[in-house]
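S.K.: Got a structure for you, questions after.
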Amino acid sequence: MSHALTPPAASARRGSTPLILALGLAAMVVAMAQTQVVPILSLLGADLHAGAAGVSWVTTATLLSAAVFTPLLGRVGDQYGKKRTLLAVLVVMIIGSVLAASTTSLGLLIVGRVLQGSATAIFPLALSVIRDEVPQEKLHGAMALVSSTLAFGSGLSLVVTGLLTQGNHPDYHSVFWFSTAVSALALLAVAFLVPDGGKRTGGRIDFLGASTLAVFLVLLLLGISQGHTWGWSSDRIIGCFLGAVVMAAVWVLVELRVRNPLVDMRMFSHRQVAFTNVAGLFVGFASFAQFIGISYLVQMPERLAGYGFTASVLRASVEYLLPSALISLVAAPVGGLLVRRIGARYTLALGALVGVAGFAWLAWGHGSTPNVIAAGMLAGIAIAFGYASMPALIAASVPLEQTGIANGINSISRSVGSSIASAVVTSLLASKLIAGLPAGVPPLPAESQFTASFAIASGALLLTVAVALFGLTRVSRPALVAAASTVKAEAAAEAASDAEVELDARV
């Protein structure tokens, strides 16, 4: 038999702090790729002489690229090795960052952002490495810490972007040079600190399944992300959504017929995995609603709008958003501890309840700076607990060889939730404007629209509580025990087969 449980000596080495730090740094690259351009979209438009519709593709391109590459690279990592796939993705991220940092063309910048979008696959790959290398007693805490770097990295990226673009002559190129440097550092950390271990399934890559899944996700996310720009009732948006429905059906048919599918359809019939992805959708919605809602709210000119705090991009990032990112980093180990003590589903429910309170506070108590910061920190705790719980639920529900693709699908569910949040909040803020503003002042949303946005996010987390308590079930076996049982079952099956062959020979 080639299967074997990790020996104690290897477990002690693989559970070391350097491994977790290297994977956490790599996961921060994911957050940077997603959020680093959000504060400088207007600067990009001015420097590249592009309109709002053109500049919006700087963010949309990354989202669509992530939808294509995340499930594919998660499966590639399962088949051919997580470390080598991680290294390849980081190299592509560096190439995309250098291209974005050195170009003055909107078209080439979008190409660079497409390459950067592949970095989203780093997170599920990192979780797969943790499941392979970290002993069971440290597994949930390690997953929680690496997951928390997503929220922390988002806050840090916003602060750095604000700092690098201050002054009378801001230069967006410096933002991408910074992401190049961090990506290169992550590449070195993974190369020297992450072992090249874990089981490799081998086999062929299901390119047909990957292609049909990519087309389905691109059509879905394109419709969601461009709905406000193109018009929700336009032919293009309706066509995107109808096409997404058709391609979803085609993808399912393909995966049911091919010999080695990209995604085992039985994964979606597994109650634990299905409801974890639903929870990911809601948590992703809440996460982006917090970021975009607070960012817009605090930058509202108080003298003209009658609310807001007239904050700059840098102040909005440092004073209002960074505390939430920092509390997420602190709350993540607590979430990992709670996963071990009370279980992942109850940790998810507890965090969601905290988030319900935080968003309700934001909805009806956003009139002062301390209220906004404190409520945002409650939302940050909710996101951290959610990120700590979902990988644990996935790890306990799928075989080792499907960890990468399962976490990749969960990452996509969060991305879809974030895209829906962006579309909902943007549409709400544009649907009701303040009347009677002076000539030359750009349209400003009514305060009630922020209240509605935060209330919807609170409702999303309330649904997460219901999913955790009534949709998810108690997991009775931890991941390593389940893996050991699988190994024993395979050994028993092989022994039985050998005995049957011997008996036939005797007969």
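Just so we're on the same page: first chain in the structure tokens is A, next is B, and so on; residues restart at 1 for each chain, and ligands are numbered from 1 in the order they show up.
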Can you write out as a Markdown table which residues of segment 258-332 of chain A fall within 12 Å of segment 40-49 of chain A, alongside each residue's closest atom pair and its distance in Å to one decimal, counting only C-alpha atoms and ordering rows by chain and ascending residue number?
M.R.:
```
| residue | atom | partner | partner_atom | distance |
| --- | --- | --- | --- | --- |
| A:Ser312 | CA | A:Ile40 | CA | 12.0 |
| A:Val313 | CA | A:Ile40 | CA | 8.9 |
| A:Leu314 | CA | A:Ile40 | CA | 11.0 |
```
S.K.: Go ahead and save the residues from that selection, with C-alpha atoms, as a compact mmCIF listing (two decimals), in the first residue's frame.
M.R.:
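Okay, result-v2.txt is ready:
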```txt
# COMPACT_ATOMS: atom_id res chain seq x y z
CA SER A 312 -10.51 61.31 2.18
CA VAL A 313 -9.69 57.92 0.69
CA LEU A 314 -6.75 57.55 3.08
```
S.K.: Fewer than 4 positions away in the same chain doesn't count, so skip those; otherwise give me all residues within 6 Å of segment 165-179 of chain A, counting only C-alpha atoms, as a compact mmCIF listing (two decimals) with C-alpha atoms, in the first residue's frame.
M.R.:
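Resulting contents of part01.txt:
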```txt
# COMPACT_ATOMS: atom_id res chain seq x y z
CA SER A 97 1.49 43.20 -11.62
CA ALA A 101 2.78 48.83 -13.17
CA THR A 161 -3.04 52.43 -1.88
CA SER A 183 3.94 38.78 -4.65
```
S.K.: Please give the complete set of residues from segment 299-406 of chain A that DSSP, run on the backbone, assigns to alpha helix (DSSP H), formatted as JSON, numbers by chain.
M.R.: {"A": [299, 302, 303, 304, 305, 313, 314, 315, 322, 323, 324, 325, 326, 327, 328, 329, 330, 331, 332, 333, 334, 335, 336, 337, 338, 339, 340, 341, 342, 344, 345, 346, 347, 348, 349, 350, 351, 352, 353, 354, 355, 356, 357, 358, 359, 360, 361, 362, 363, 364, 369, 370, 371, 372, 373, 374, 375, 376, 377, 378, 379, 380, 381, 382, 383, 384, 385, 386, 387, 388, 389, 390, 391, 392, 393, 394, 395, 403, 404, 405, 406]}
S.K.: Which is closer to Ala352 of chain A than all the others in A:Val465, A:Ala274, A:Val334, A:Ala460, using only C-alpha atoms?
M.R.: A:Val465
S.K.: Just checking: using only C-alpha atoms, which residue out of A:Thr403, A:Thr229, A:Asn277, A:Gln299 ends up closest to Val129 of chain A?
M.R.: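 Selected residue with least distance to Val129 of chain A: A:Thr403.
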S.K.: By how many Å are atom CA of Arg131 of chain A and atom CA of Arg113 of chain A apart?
M.R.: 29.7 Å
S.K.: Could you give me, as a PyMOL selection string, the residues within 12 Å of Ser415 of chain A, counting only C-alpha atoms and dropping anything in the same chain fewer than 2 positions from it?
M.R.: chain A and resi 30-31+34+60+62-68+70+117+120-121+217-218+220-221+224-225+277-278+280-288+408-413+417-422
S.K.: So that I can check the surroundings of Tyr387 of chain A, please list as a ChimeraX atom specification every protein, DNA and RNA residue that reaches within 10 Å of it, counting only C-alpha atoms and ignoring chain neighbours fewer than 4 positions away.
M.R.: /A:143-151,280,283-284,328,332,335-336,348,351,381-383,391-392
S.K.: Counting only C-alpha atoms, figure out which residue out of A:Leu304, A:Val194, A:Ala61, A:Ala363 gets nearest to Leu115 of chain A.
M.R.: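 Once distances to Leu115 of chain A are computed over only C-alpha atoms, the minimum belongs to A:Ala61.
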S.K.: Skip Val273 of chain A itself and residues of its chain fewer than 4 positions away, then list as a PyMOL selection string all residues within 9 Å of it, counting only C-alpha atoms.
M.R.: chain A and resi 267-269+277-278+393-394+397-398+406+410+472
S.K.: Pick out the residues sitting within 7 Å of Ala100 of chain A, and hand them over as a JSON list (two decimals) with C-alpha atoms, in the first residue's frame; count only C-alpha atoms, and ignore anything fewer than 4 positions along from it in its own chain.
M.R.:
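Okay, this is what ended up in selection.json:
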```json
[["chain", "number", "residue", "atom", "x", "y", "z"],
["A", 96, "GLY", "CA", 0.37, 40.72, -14.29],
["A", 109, "LEU", "CA", -3.86, 47.32, -17.78],
["A", 112, "GLY", "CA", -2.57, 42.71, -16.39],
["A", 176, "PHE", "CA", 1.08, 47.83, -8.77]]
```
S.K.: Using only C-alpha atoms for the distances, tell me which of A:Ala331, A:Val134, A:Ala189, A:Ile95 is nearest to Leu21 of chain A.
M.R.: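 Of A:Ala331, A:Val134, A:Ala189, A:Ile95, the one nearest Leu21 of chain A is A:Ala189, counting only C-alpha atoms.
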S.K.: Report as a tab-separated table: every residue of segment 239-320 of chain A with an atom at most 10 Å from segment 445-451 of chain A, its closest pair of atoms, and their distance in Å to one decimal, counting only C-alpha atoms, with rows sorted by chain and ascending residue number.
M.R.:
```
residue	atom	partner	partner_atom	distance
A:Gly293	CA	A:Phe450	CA	6.9
A:Ile294	CA	A:Phe450	CA	8.8
A:Tyr296	CA	A:Phe450	CA	8.9
A:Leu297	CA	A:Phe450	CA	7.2
A:Met300	CA	A:Pro445	CA	9.0
A:Ala305	CA	A:Ala446	CA	7.8
A:Gly306	CA	A:Glu447	CA	8.5
A:Tyr307	CA	A:Glu447	CA	7.1
A:Gly308	CA	A:Glu447	CA	8.7
```
S.K.: Mind checking which residues fall within 9 Å of Trp251 of chain A, counting only C-alpha atoms, ignoring those fewer than 4 positions away in the same chain, and posting them as a ChimeraX atom specification?
M.R.: /A:208-213,216,246-247,255-256
S.K.: Only C-alpha atoms, please: the residues just picked out, written as a compact mmCIF listing (two decimals), in the first residue's frame.
M.R.:
```txt
# COMPACT_ATOMS: atom_id res chain seq x y z
CA LEU A 208 -14.36 20.56 -21.51
CA GLY A 209 -15.79 20.76 -17.99
CA ALA A 210 -13.48 23.66 -17.14
CA SER A 211 -14.50 25.53 -20.31
CA THR A 212 -18.24 25.13 -19.81
CA LEU A 213 -17.94 26.09 -16.11
CA PHE A 216 -21.28 29.82 -17.13
CA VAL A 246 -28.12 27.38 -20.42
CA MET A 247 -24.39 26.95 -19.77
CA GLU A 255 -19.59 16.60 -15.81
CA LEU A 256 -22.04 13.72 -15.55
```
S.K.: Which value, in Å to one decimal, gives the distance between atom CA of Leu188 of chain A and atom CA of Pro124 of chain A?
M.R.: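 Interatomic distance, atom CA of Leu188 of chain A to atom CA of Pro124 of chain A: 19.1 Å.
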